[in-house]
Amino acid sequence: MTNRNSKAILAICMGLIAMVAGTNHVVSRCSEIDKMPHEVSKMLPAMSSAARNAVFADREAGEAAADRAEKDGAKTSKRQPRRRAYKNLERPAELQGRAETILMKSQFIISYDTVRLCPNYVCWSLDADRVNGKAKRTNKFHADPVMTGCSKVEAYDYNNSRYDRGHMCPAADNKNSEVAMEESFCMTNICPQNQSLNRGAWNEVEQLCREWARDYGTVYICCGPIFDRDKPRKIGTRKDVKISVPDRFFKVILFLGRESKAIGFICPNEPCTADIRDYAVSVDEVEEITGIDFFYQLDDKQEEELERVCNPGAWGI
């Protein structure tokens with residue numbers, strides 16, 4: 001075979017190899033083109049290779065973005081729904097069958113009994129700002145300027161009664177505001193309280209609430225007196241102003257969060273020397289004794305689950 005013939009055969013072989021390679025390239029590209037929008041597919045044959053590469057790059061970027069969006073959507077669907085916004089969640093439902101005058105203070109709410117001259121309850125939400133404030137305790141008990149006549153209790157009405165002027169909303173829960181601090185010494189926020197209880201177990205529960213406010217962020221609190229007798233003992237220095245002495249006191253606390261929980265306390269109006277856990281009860285029990293519906297704004301199922309449980313250990317006590 002001549003040298004010229006050898007070169008011709010070699011050229012033919014090289015051409016066949018190039019055709020096969022080109023066919024494979026076209027087939028592989030066709031499978032990708034079929035996945036693209038029809039309008040773009042028609043344009044591809046007229047595009048330069050650089051332009052085609054740009055189209056494929058854009059498509060791949062779009063698919064990656066879609067994949068990320070799908071994953072983010074799946075994560076979002078697994079998240080808990082945004083918690084409902086409540087207004088004064090600490091405030092119980094309207095009372096039935098008893099005297100009630102609502103007094104809206106700057107940081108707490110009083111339901112005042114103008115017959116017994118004690119609050120039915122006092123409620124507030126407590127957070128770290130309130131307990132870490134700089135307002136100083138005044139110790140200036142005074143009549144509530146809103147009250148008049150025989151419903152207006154003066155600080156001296158407790159003189160020689162052997163009972164403390166017991167705060168329901170504590171002064172130390174209002175350290176972020178001088179106004180609220182002063183309001184906490186209104187006599188509408190006060191009950192006749194055994195001295196040992198006021199300075200002992202009741203004070204311990206108040207301190208626990210402040211610890212929980214620092215730890216959890218916000219806790220919702222409601223407390224007040226319990227009258228077991230139809231004719232309670234009365235104190236007072238004036239003939240027409242007599243203050244009923246409670247037999248017991250209650251306090252309920254609610255925390256809403258990742259591990260929501262609620263607890264109640266009932267303390268007799270006498271020296272309480274037992275462990276504080278011995279006075280812990282469920283919110284349901286407090287409701288049964290007082291006839292007050294606490295935290296009624298919650299979803300019924302959540303309210304039922306939280307209020308039936310008494311677990312001091314969950315609160316670290």
# chains A, B, ... in the order shown; residues from 1 in each chain; ligands from 1

$ closest_atom_pairs --of "stretch 223-259 of chain A" --to "stretch 151-169 of chain A" --cutoff "8 Å" --atoms "only C-alpha atoms" --output "CSV"
residue,atom,partner,partner_atom,distance
A:Cys223,CA,A:Met168,CA,6.4
A:Gly224,CA,A:Met168,CA,6.4
A:Ile235,CA,A:Ser161,CA,6.3
A:Gly236,CA,A:Asp157,CA,4.7
A:Thr237,CA,A:Asp157,CA,5.0
A:Arg238,CA,A:Asp157,CA,7.0
A:Val241,CA,A:Val153,CA,7.1

$ residues_around --residues "A:Glu259" --least-positions-apart "5" --cutoff "12 Å" --atoms "only C-alpha atoms" --output "ChimeraX atom specification"
/A:216,254,302,306,314-315

$ atom_distance --atom1 "atom CA of A:Thr218" --atom2 "atom CA of A:Lys175"
15.3 Å

$ closest_residue --among "A:Phe141, A:Tyr86, A:Trp124, A:Phe249" --to "A:Cys186" --atoms "only C-alpha atoms"
A:Phe141

$ residues_around --residues "stretch 277-289 of chain A" --least-positions-apart "4" --cutoff "9 Å" --atoms "only C-alpha atoms" --output "list in words"
Ile226, Phe250, Lys251, Val252, Ile253, Ala262, Ile263, Gly264, Phe265, Ile266, Cys267, Cys272, Asp293, Phe294, Glu304, Leu306, Glu307, Arg308, Val309, Cys310, Asn311, Pro312 and Ile317 of chain A

$ atom_distance --atom1 "atom CA of A:Asn139" --atom2 "atom CA of A:Asn198"
14.8 Å

$ closest_residue --among "A:Thr101, A:Asn203, A:Ser244, A:Ser184" --to "A:Pro232" --atoms "only C-alpha atoms"
A:Ser244

$ select_by_dssp --residues "stretch 230-311 of chain A" --states "strand (DSSP E or B)" --output "PyMOL selection string"
chain A and resi 234-238+241-244+248-255+261-268+280-281

$ select_by_dssp --residues "stretch 135-258 of chain A" --states "helix (DSSP H, G or I)" --output "PyMOL selection string"
chain A and resi 149-151+155-158+171-174+178-183+187-189+195-199+201-216

$ atom_distance --atom1 "atom CA of A:Lys105" --atom2 "atom CA of A:Ala180"
7.5 Å

$ closest_residue --among "A:Gly257, A:Arg137, A:Cys222, A:Phe108" --to "A:Ala93" --atoms "only C-alpha atoms"
A:Cys222

$ closest_residue --among "A:Tyr121, A:Ser260, A:Gln207, A:Thr188" --to "A:Pro92" --atoms "only C-alpha atoms"
A:Tyr121

$ residues_around --residues "A:Tyr112" --least-positions-apart "6" --cutoff "8 Å" --atoms "only C-alpha atoms" --output "list in words"
Ala99, Glu100, Thr101, Ile102, Leu103, Cys118, Pro119, Asn120, Tyr121 and Thr188 of chain A

$ write_last_selection --atoms "C-alpha atoms" --output "PDB file, in the first residue's frame"
ATOM      1  CA  ALA A  99     -68.901  42.285  94.917  1.00  0.00           C
ATOM      2  CA  GLU A 100     -66.180  43.281  92.464  1.00  0.00           C
ATOM      3  CA  THR A 101     -64.659  46.630  91.565  1.00  0.00           C
ATOM      4  CA  ILE A 102     -61.827  46.438  89.030  1.00  0.00           C
ATOM      5  CA  LEU A 103     -58.903  48.777  89.685  1.00  0.00           C
ATOM      6  CA  CYS A 118     -60.038  43.121 100.773  1.00  0.00           C
ATOM      7  CA  PRO A 119     -59.104  42.314  97.204  1.00  0.00           C
ATOM      8  CA  ASN A 120     -60.836  39.314  95.660  1.00  0.00           C
ATOM      9  CA  TYR A 121     -57.584  38.876  93.784  1.00  0.00           C
ATOM     10  CA  THR A 188     -56.643  47.963  98.085  1.00  0.00           C
TER      11      THR A 188
END

$ decode --residues "stretch 168-299 of chain A" --atoms "C-alpha atoms" --output "PDB file, in the first residue's frame"
ATOM      1  CA  MET A 168     -50.831  40.729  97.413  1.00  0.00           C
ATOM      2  CA  CYS A 169     -48.701  42.148  94.576  1.00  0.00           C
ATOM      3  CA  PRO A 170     -45.348  42.524  96.380  1.00  0.00           C
ATOM      4  CA  ALA A 171     -43.417  45.775  96.401  1.00  0.00           C
ATOM      5  CA  ALA A 172     -40.344  43.861  95.177  1.00  0.00           C
ATOM      6  CA  ASP A 173     -42.245  42.867  92.015  1.00  0.00           C
ATOM      7  CA  ASN A 174     -42.454  46.546  91.034  1.00  0.00           C
ATOM      8  CA  LYS A 175     -38.854  47.695  91.339  1.00  0.00           C
ATOM      9  CA  ASN A 176     -38.764  48.915  87.742  1.00  0.00           C
ATOM     10  CA  SER A 177     -41.239  51.752  88.385  1.00  0.00           C
ATOM     11  CA  GLU A 178     -41.550  54.307  91.173  1.00  0.00           C
ATOM     12  CA  VAL A 179     -45.222  54.760  90.293  1.00  0.00           C
ATOM     13  CA  ALA A 180     -45.941  51.032  90.523  1.00  0.00           C
ATOM     14  CA  MET A 181     -43.899  50.803  93.720  1.00  0.00           C
ATOM     15  CA  GLU A 182     -46.072  53.495  95.294  1.00  0.00           C
ATOM     16  CA  GLU A 183     -49.252  51.820  94.013  1.00  0.00           C
ATOM     17  CA  SER A 184     -48.239  48.532  95.634  1.00  0.00           C
ATOM     18  CA  PHE A 185     -48.702  50.240  99.026  1.00  0.00           C
ATOM     19  CA  CYS A 186     -52.342  51.161  98.280  1.00  0.00           C
ATOM     20  CA  MET A 187     -54.576  49.542 100.875  1.00  0.00           C
ATOM     21  CA  THR A 188     -56.643  47.963  98.085  1.00  0.00           C
ATOM     22  CA  ASN A 189     -53.596  45.723  97.470  1.00  0.00           C
ATOM     23  CA  ILE A 190     -53.417  44.700 101.130  1.00  0.00           C
ATOM     24  CA  CYS A 191     -54.963  41.962 103.302  1.00  0.00           C
ATOM     25  CA  PRO A 192     -54.703  41.254 107.055  1.00  0.00           C
ATOM     26  CA  GLN A 193     -52.006  38.591 107.151  1.00  0.00           C
ATOM     27  CA  ASN A 194     -50.459  36.633 109.969  1.00  0.00           C
ATOM     28  CA  GLN A 195     -47.043  38.090 110.708  1.00  0.00           C
ATOM     29  CA  SER A 196     -45.251  34.748 110.627  1.00  0.00           C
ATOM     30  CA  LEU A 197     -46.894  33.812 107.324  1.00  0.00           C
ATOM     31  CA  ASN A 198     -46.188  37.202 105.739  1.00  0.00           C
ATOM     32  CA  ARG A 199     -42.524  37.054 106.644  1.00  0.00           C
ATOM     33  CA  GLY A 200     -42.151  33.291 106.207  1.00  0.00           C
ATOM     34  CA  ALA A 201     -43.823  30.920 103.740  1.00  0.00           C
ATOM     35  CA  TRP A 202     -45.699  33.630 101.818  1.00  0.00           C
ATOM     36  CA  ASN A 203     -42.483  35.585 101.397  1.00  0.00           C
ATOM     37  CA  GLU A 204     -40.746  32.397 100.232  1.00  0.00           C
ATOM     38  CA  VAL A 205     -43.330  31.889  97.486  1.00  0.00           C
ATOM     39  CA  GLU A 206     -42.865  35.528  96.418  1.00  0.00           C
ATOM     40  CA  GLN A 207     -39.113  35.013  96.172  1.00  0.00           C
ATOM     41  CA  LEU A 208     -39.600  31.846  94.121  1.00  0.00           C
ATOM     42  CA  CYS A 209     -41.773  33.790  91.673  1.00  0.00           C
ATOM     43  CA  ARG A 210     -39.004  36.351  91.217  1.00  0.00           C
ATOM     44  CA  GLU A 211     -36.473  33.581  90.603  1.00  0.00           C
ATOM     45  CA  TRP A 212     -38.765  32.063  87.980  1.00  0.00           C
ATOM     46  CA  ALA A 213     -39.208  35.453  86.317  1.00  0.00           C
ATOM     47  CA  ARG A 214     -35.422  35.770  86.012  1.00  0.00           C
ATOM     48  CA  ASP A 215     -35.061  32.191  84.748  1.00  0.00           C
ATOM     49  CA  TYR A 216     -38.043  31.922  82.396  1.00  0.00           C
ATOM     50  CA  GLY A 217     -38.590  35.480  81.178  1.00  0.00           C
ATOM     51  CA  THR A 218     -42.256  36.004  82.128  1.00  0.00           C
ATOM     52  CA  VAL A 219     -44.596  34.326  84.582  1.00  0.00           C
ATOM     53  CA  TYR A 220     -48.281  35.118  85.086  1.00  0.00           C
ATOM     54  CA  ILE A 221     -49.458  35.426  88.685  1.00  0.00           C
ATOM     55  CA  CYS A 222     -52.754  35.786  90.494  1.00  0.00           C
ATOM     56  CA  CYS A 223     -53.235  35.687  94.262  1.00  0.00           C
ATOM     57  CA  GLY A 224     -55.714  36.650  96.931  1.00  0.00           C
ATOM     58  CA  PRO A 225     -57.561  35.706 100.102  1.00  0.00           C
ATOM     59  CA  ILE A 226     -59.800  32.720 100.813  1.00  0.00           C
ATOM     60  CA  PHE A 227     -62.721  33.065 103.233  1.00  0.00           C
ATOM     61  CA  ASP A 228     -63.911  29.727 104.555  1.00  0.00           C
ATOM     62  CA  ARG A 229     -66.369  31.203 107.078  1.00  0.00           C
ATOM     63  CA  ASP A 230     -69.498  33.130 106.241  1.00  0.00           C
ATOM     64  CA  LYS A 231     -68.753  35.477 109.122  1.00  0.00           C
ATOM     65  CA  PRO A 232     -64.984  36.008 109.226  1.00  0.00           C
ATOM     66  CA  ARG A 233     -63.200  37.836 111.970  1.00  0.00           C
ATOM     67  CA  LYS A 234     -62.944  41.592 111.382  1.00  0.00           C
ATOM     68  CA  ILE A 235     -60.449  44.273 112.303  1.00  0.00           C
ATOM     69  CA  GLY A 236     -60.540  48.055 112.105  1.00  0.00           C
ATOM     70  CA  THR A 237     -60.239  51.147 114.258  1.00  0.00           C
ATOM     71  CA  ARG A 238     -63.399  52.817 112.910  1.00  0.00           C
ATOM     72  CA  LYS A 239     -66.983  51.828 113.531  1.00  0.00           C
ATOM     73  CA  ASP A 240     -68.064  51.860 109.879  1.00  0.00           C
ATOM     74  CA  VAL A 241     -64.859  50.445 108.367  1.00  0.00           C
ATOM     75  CA  LYS A 242     -64.285  46.807 109.260  1.00  0.00           C
ATOM     76  CA  ILE A 243     -61.883  44.624 107.300  1.00  0.00           C
ATOM     77  CA  SER A 244     -62.497  40.886 106.996  1.00  0.00           C
ATOM     78  CA  VAL A 245     -59.615  38.610 107.981  1.00  0.00           C
ATOM     79  CA  PRO A 246     -58.941  35.799 105.453  1.00  0.00           C
ATOM     80  CA  ASP A 247     -58.741  32.187 106.583  1.00  0.00           C
ATOM     81  CA  ARG A 248     -56.251  31.258 103.853  1.00  0.00           C
ATOM     82  CA  PHE A 249     -54.416  32.705 100.866  1.00  0.00           C
ATOM     83  CA  PHE A 250     -53.946  31.367  97.343  1.00  0.00           C
ATOM     84  CA  LYS A 251     -51.463  32.034  94.575  1.00  0.00           C
ATOM     85  CA  VAL A 252     -51.374  30.562  91.054  1.00  0.00           C
ATOM     86  CA  ILE A 253     -48.452  30.875  88.642  1.00  0.00           C
ATOM     87  CA  LEU A 254     -48.281  30.114  84.918  1.00  0.00           C
ATOM     88  CA  PHE A 255     -45.333  29.907  82.556  1.00  0.00           C
ATOM     89  CA  LEU A 256     -45.811  29.564  78.802  1.00  0.00           C
ATOM     90  CA  GLY A 257     -42.859  28.380  76.736  1.00  0.00           C
ATOM     91  CA  ARG A 258     -41.161  25.280  75.421  1.00  0.00           C
ATOM     92  CA  GLU A 259     -42.119  23.495  78.638  1.00  0.00           C
ATOM     93  CA  SER A 260     -45.258  25.305  79.772  1.00  0.00           C
ATOM     94  CA  LYS A 261     -46.380  24.641  83.330  1.00  0.00           C
ATOM     95  CA  ALA A 262     -48.633  25.914  86.084  1.00  0.00           C
ATOM     96  CA  ILE A 263     -48.727  25.557  89.850  1.00  0.00           C
ATOM     97  CA  GLY A 264     -50.751  26.791  92.795  1.00  0.00           C
ATOM     98  CA  PHE A 265     -50.158  27.398  96.496  1.00  0.00           C
ATOM     99  CA  ILE A 266     -52.600  27.578  99.396  1.00  0.00           C
ATOM    100  CA  CYS A 267     -51.371  28.758 102.782  1.00  0.00           C
ATOM    101  CA  PRO A 268     -53.465  29.053 105.963  1.00  0.00           C
ATOM    102  CA  ASN A 269     -53.431  32.517 107.558  1.00  0.00           C
ATOM    103  CA  GLU A 270     -51.246  31.316 110.395  1.00  0.00           C
ATOM    104  CA  PRO A 271     -47.618  30.337 110.908  1.00  0.00           C
ATOM    105  CA  CYS A 272     -46.635  27.899 108.137  1.00  0.00           C
ATOM    106  CA  THR A 273     -43.517  25.990 109.111  1.00  0.00           C
ATOM    107  CA  ALA A 274     -43.718  22.994 106.768  1.00  0.00           C
ATOM    108  CA  ASP A 275     -41.710  22.638 103.572  1.00  0.00           C
ATOM    109  CA  ILE A 276     -43.022  24.987 100.895  1.00  0.00           C
ATOM    110  CA  ARG A 277     -43.845  21.977  98.683  1.00  0.00           C
ATOM    111  CA  ASP A 278     -46.440  20.939 101.237  1.00  0.00           C
ATOM    112  CA  TYR A 279     -48.484  24.000 100.310  1.00  0.00           C
ATOM    113  CA  ALA A 280     -48.284  23.384  96.560  1.00  0.00           C
ATOM    114  CA  VAL A 281     -51.496  22.362  94.786  1.00  0.00           C
ATOM    115  CA  SER A 282     -52.850  22.239  91.244  1.00  0.00           C
ATOM    116  CA  VAL A 283     -54.522  25.291  89.735  1.00  0.00           C
ATOM    117  CA  ASP A 284     -57.659  23.162  89.423  1.00  0.00           C
ATOM    118  CA  GLU A 285     -57.745  22.769  93.204  1.00  0.00           C
ATOM    119  CA  VAL A 286     -57.446  26.514  93.711  1.00  0.00           C
ATOM    120  CA  GLU A 287     -60.270  27.060  91.227  1.00  0.00           C
ATOM    121  CA  GLU A 288     -62.478  24.571  93.054  1.00  0.00           C
ATOM    122  CA  ILE A 289     -61.918  26.299  96.406  1.00  0.00           C
ATOM    123  CA  THR A 290     -62.172  29.906  95.202  1.00  0.00           C
ATOM    124  CA  GLY A 291     -64.681  29.601  92.384  1.00  0.00           C
ATOM    125  CA  ILE A 292     -62.351  31.659  90.192  1.00  0.00           C
ATOM    126  CA  ASP A 293     -61.553  30.642  86.611  1.00  0.00           C
ATOM    127  CA  PHE A 294     -57.842  31.281  86.035  1.00  0.00           C
ATOM    128  CA  PHE A 295     -56.053  31.523  82.674  1.00  0.00           C
ATOM    129  CA  TYR A 296     -59.348  31.115  80.823  1.00  0.00           C
ATOM    130  CA  GLN A 297     -57.893  32.656  77.655  1.00  0.00           C
ATOM    131  CA  LEU A 298     -55.822  29.546  76.981  1.00  0.00           C
ATOM    132  CA  ASP A 299     -56.970  26.921  74.525  1.00  0.00           C
TER     133      ASP A 299
END
